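Working notes, structure below.
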Amino acid sequence: MNLLVLGGTVFLGRHIVEAALARGHTVTLFNRGQHNADLFPEVEKLRGDRDGGLDALRGRRWDAAIDPSGYLPRLVRASAELLADAVDRYCFISSISVYEKLPVPGMDESAPVGTLADPGTEAITGESYGPLKALCEQAVEAALPGRALVIRPGLIVGPHDPTDRFTYWVVRVARGGEVLAPSSPASPVQVIDVRDLAEWTIQMVESRRTGTFNATGPAEALTLGSLLETCRTVSANDARFTWVSEEFIA
């Protein structure tokens, strides 16, 4: 397949490109060239900006576009509308943060998504991030009705993770000593490895799937206690856990 990736050089997008190349596809990257610009010297790179600088995409054709870098509805709408006649399908990477309520066991893709009092806001905060992603989803579906693939990942972990959301625990437990831990050892947690997510995304695009899909894991139940115990085992130190309420930590 001939694939266009919007972004593709930081975290999930980087792994999506690696997975696509490993599976024999041709990849074109569109980005500003501000992050890891030397990555993937073998692929075509189009330079531009999602905010008013999409001209490099005009007059081209791809089998599918994969968008792991869209956060604002206005910008996602612009790229989706421009590419509507240039691709067969548009894969948008969203988030399980779109849901109106925190995910609970058994929740599926039909659960209500969050909304904003001001849908025009472009301030990305802890409260607006999910509803903005939901509006991005809607923009893609409106531009390519019946041709949109929306993936809602849970917490993505793995190589090149630019955040401290997961790696904080790995590093903190490796330092040893008394470790403050939230809630209880039995608290359920879910993560998805970025490499698994990337390869699955490419497989979904290959099979021409459309619709909305949650994407998280692992397949077996995982608790915070077992996660931290695994960190301690791997780092082989004397870390000991003091469990306190989430309210206390907040």
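So you can find residues: chains in the structure tokens are A, B, ... in the order shown, residues in each start at 1, and ligands are numbered from 1 in order.
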Name all residues at most 12 Å from Thr125 (chain A) (count only C-alpha atoms; drop same-chain ones fewer than 4 positions away) and give them as a PyMOL selection string. chain A and resi 71-72+97+116+121+129-133
Give me the residues near region 139-150 of chain A as a PyMOL selection string, where near means some atom within 12 Å (using only C-alpha atoms) and where sequence neighbours in that chain fewer than 3 positions away do not count. chain A and resi 63-68+70-96+98+109+132-136+153+201-215
Looking only at the backbone, which of the residues in region 8-246 of chain A does DSSP tag as helix (DSSP H, G or I), as number ranges by chain? A: 12-22, 55-57, 73-83, 96-98, 129-143, 167-175, 194-206, 224-235, 246
Determine which residues of region 3-242 of chain A receive a DSSP assignment of strand (DSSP E), computed from the backbone, and state them as a PyMOL selection string. chain A and resi 3-6+26-31+44-47+64-67+89-93+148-153+156-157+178-182+192-193+211-215+240-242
For the residues in the current selection, export N, CA and C atoms as a short mmCIF file (atom, residue, chain, number, x, y, z; two decimals), in the first residue's frame.
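Okay, this is what ended up in again.cif:
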```
data_model
loop_
_atom_site.label_atom_id
_atom_site.label_comp_id
_atom_site.auth_asym_id
_atom_site.auth_seq_id
_atom_site.Cartn_x
_atom_site.Cartn_y
_atom_site.Cartn_z
N LEU A 3 1.02 4.71 1.74
CA LEU A 3 0.44 5.32 2.93
C LEU A 3 1.01 6.70 3.20
N LEU A 4 0.13 7.59 3.63
CA LEU A 4 0.53 8.92 4.09
C LEU A 4 0.40 8.95 5.60
N VAL A 5 1.45 9.38 6.30
CA VAL A 5 1.40 9.52 7.75
C VAL A 5 1.60 10.99 8.10
N LEU A 6 0.66 11.56 8.84
CA LEU A 6 0.76 12.95 9.27
C LEU A 6 1.52 12.98 10.58
N THR A 26 4.82 1.41 1.17
CA THR A 26 5.48 2.67 0.84
C THR A 26 4.88 3.76 1.72
N VAL A 27 5.74 4.59 2.30
CA VAL A 27 5.28 5.60 3.25
C VAL A 27 5.74 6.99 2.82
N THR A 28 4.82 7.94 2.92
CA THR A 28 5.14 9.36 2.77
C THR A 28 4.85 10.04 4.09
N LEU A 29 5.79 10.85 4.57
CA LEU A 29 5.58 11.61 5.81
C LEU A 29 5.25 13.06 5.49
N PHE A 30 4.29 13.59 6.24
CA PHE A 30 4.01 15.03 6.16
C PHE A 30 4.15 15.61 7.55
N ASN A 31 5.10 16.51 7.73
CA ASN A 31 5.29 17.17 9.02
C ASN A 31 6.13 18.42 8.84
N GLU A 44 9.76 9.24 1.52
CA GLU A 44 9.50 10.59 1.02
C GLU A 44 8.99 11.46 2.16
N LYS A 45 9.48 12.70 2.22
CA LYS A 45 9.09 13.63 3.28
C LYS A 45 8.56 14.91 2.66
N LEU A 46 7.32 15.21 3.00
CA LEU A 46 6.71 16.46 2.56
C LEU A 46 6.68 17.41 3.75
N ARG A 47 7.14 18.62 3.56
CA ARG A 47 7.18 19.59 4.64
C ARG A 47 5.99 20.53 4.55
N ALA A 64 -4.22 5.29 1.80
CA ALA A 64 -4.80 5.66 3.09
C ALA A 64 -3.92 6.70 3.76
N ALA A 65 -4.57 7.53 4.59
CA ALA A 65 -3.85 8.48 5.45
C ALA A 65 -3.99 8.00 6.89
N ILE A 66 -2.92 8.11 7.65
CA ILE A 66 -2.93 7.77 9.07
C ILE A 66 -2.54 9.01 9.84
N ASP A 67 -3.41 9.41 10.77
CA ASP A 67 -3.26 10.69 11.47
C ASP A 67 -3.11 10.46 12.97
N ARG A 89 -9.16 5.78 2.51
CA ARG A 89 -9.55 5.74 3.91
C ARG A 89 -8.67 6.68 4.73
N TYR A 90 -9.23 7.13 5.84
CA TYR A 90 -8.51 8.04 6.75
C TYR A 90 -8.56 7.41 8.13
N CYS A 91 -7.40 7.08 8.66
CA CYS A 91 -7.29 6.49 9.99
C CYS A 91 -6.89 7.57 10.99
N PHE A 92 -7.79 7.84 11.93
CA PHE A 92 -7.51 8.87 12.94
C PHE A 92 -7.25 8.20 14.28
N ILE A 93 -6.13 8.55 14.90
CA ILE A 93 -5.79 8.03 16.22
C ILE A 93 -6.37 8.96 17.27
N ALA A 148 -13.87 6.27 7.37
CA ALA A 148 -13.02 6.65 8.49
C ALA A 148 -12.78 5.46 9.41
N LEU A 149 -11.55 5.30 9.83
CA LEU A 149 -11.17 4.33 10.86
C LEU A 149 -10.69 5.12 12.06
N VAL A 150 -11.40 5.02 13.18
CA VAL A 150 -11.06 5.76 14.39
C VAL A 150 -10.58 4.76 15.45
N ILE A 151 -9.39 4.98 15.95
CA ILE A 151 -8.81 4.10 16.97
C ILE A 151 -8.65 4.90 18.26
N ARG A 152 -9.19 4.33 19.36
CA ARG A 152 -9.14 4.99 20.66
C ARG A 152 -8.23 4.20 21.59
N PRO A 153 -6.92 4.53 21.63
CA PRO A 153 -6.01 3.79 22.49
C PRO A 153 -6.19 4.17 23.96
N ILE A 156 -0.64 4.49 26.21
CA ILE A 156 0.36 3.89 25.33
C ILE A 156 1.72 3.95 26.01
N VAL A 157 2.42 2.82 26.01
CA VAL A 157 3.73 2.75 26.66
C VAL A 157 4.73 2.12 25.69
N GLU A 178 11.35 3.75 50.10
CA GLU A 178 9.91 3.77 50.28
C GLU A 178 9.25 4.48 49.09
N VAL A 179 8.29 3.81 48.47
CA VAL A 179 7.61 4.33 47.28
C VAL A 179 6.15 4.57 47.62
N LEU A 180 5.69 5.81 47.44
CA LEU A 180 4.29 6.13 47.68
C LEU A 180 3.47 5.64 46.50
N ALA A 181 2.45 4.82 46.77
CA ALA A 181 1.64 4.22 45.71
C ALA A 181 0.17 4.56 45.93
N PRO A 182 -0.57 4.87 44.86
CA PRO A 182 -1.95 5.32 45.01
C PRO A 182 -2.95 4.18 45.07
N ILE A 192 -1.14 -0.27 26.73
CA ILE A 192 -0.93 -0.96 25.46
C ILE A 192 0.46 -0.59 24.94
N ASP A 193 1.20 -1.61 24.52
CA ASP A 193 2.54 -1.39 24.00
C ASP A 193 2.45 -0.70 22.64
N GLY A 211 -14.85 2.32 11.00
CA GLY A 211 -15.56 2.30 12.27
C GLY A 211 -14.66 2.74 13.41
N THR A 212 -15.16 2.56 14.63
CA THR A 212 -14.45 3.04 15.83
C THR A 212 -14.10 1.86 16.71
N PHE A 213 -12.84 1.85 17.19
CA PHE A 213 -12.34 0.72 17.96
C PHE A 213 -11.53 1.20 19.17
N ASN A 214 -11.88 0.72 20.36
CA ASN A 214 -11.01 0.89 21.52
C ASN A 214 -9.78 0.00 21.32
N ALA A 215 -8.65 0.42 21.87
CA ALA A 215 -7.42 -0.37 21.74
C ALA A 215 -6.62 -0.25 23.03
N ARG A 240 10.00 -0.57 48.70
CA ARG A 240 8.85 -1.01 49.49
C ARG A 240 7.73 0.00 49.28
N PHE A 241 6.52 -0.50 49.22
CA PHE A 241 5.39 0.32 48.79
C PHE A 241 4.51 0.70 49.97
N THR A 242 4.21 2.00 50.06
CA THR A 242 3.27 2.53 51.05
C THR A 242 2.03 2.97 50.29
#
```
I want to know what sits within 8 Å of Gly176 (chain A), based on only C-alpha atoms, with residues of the same chain fewer than 4 positions away left out; could you give that as a PDB file with N, CA, C and O atoms, in the first residue's frame?
```pdb
ATOM      1  N   ARG A 172      11.084   5.342  39.348  1.00  0.00           N
ATOM      2  CA  ARG A 172      10.958   5.532  40.799  1.00  0.00           C
ATOM      3  C   ARG A 172      11.213   4.233  41.558  1.00  0.00           C
ATOM      4  O   ARG A 172      11.936   4.232  42.567  1.00  0.00           O
ATOM      5  N   ASN A 237      15.862  -4.431  43.568  1.00  0.00           N
ATOM      6  CA  ASN A 237      16.272  -3.587  44.683  1.00  0.00           C
ATOM      7  C   ASN A 237      15.314  -3.756  45.851  1.00  0.00           C
ATOM      8  O   ASN A 237      14.462  -4.654  45.860  1.00  0.00           O
ATOM      9  N   ASP A 238      15.440  -2.854  46.834  1.00  0.00           N
ATOM     10  CA  ASP A 238      14.696  -3.001  48.088  1.00  0.00           C
ATOM     11  C   ASP A 238      13.462  -2.102  48.159  1.00  0.00           C
ATOM     12  O   ASP A 238      13.000  -1.765  49.247  1.00  0.00           O
ATOM     13  N   ALA A 239      12.934  -1.697  47.027  1.00  0.00           N
ATOM     14  CA  ALA A 239      11.767  -0.805  47.042  1.00  0.00           C
ATOM     15  C   ALA A 239      10.644  -1.411  47.878  1.00  0.00           C
ATOM     16  O   ALA A 239      10.384  -2.611  47.831  1.00  0.00           O
ATOM     17  N   ARG A 240      10.000  -0.567  48.697  1.00  0.00           N
ATOM     18  CA  ARG A 240       8.849  -1.014  49.491  1.00  0.00           C
ATOM     19  C   ARG A 240       7.730  -0.001  49.284  1.00  0.00           C
ATOM     20  O   ARG A 240       7.966   1.197  49.211  1.00  0.00           O
TER      21      ARG A 240
END
```
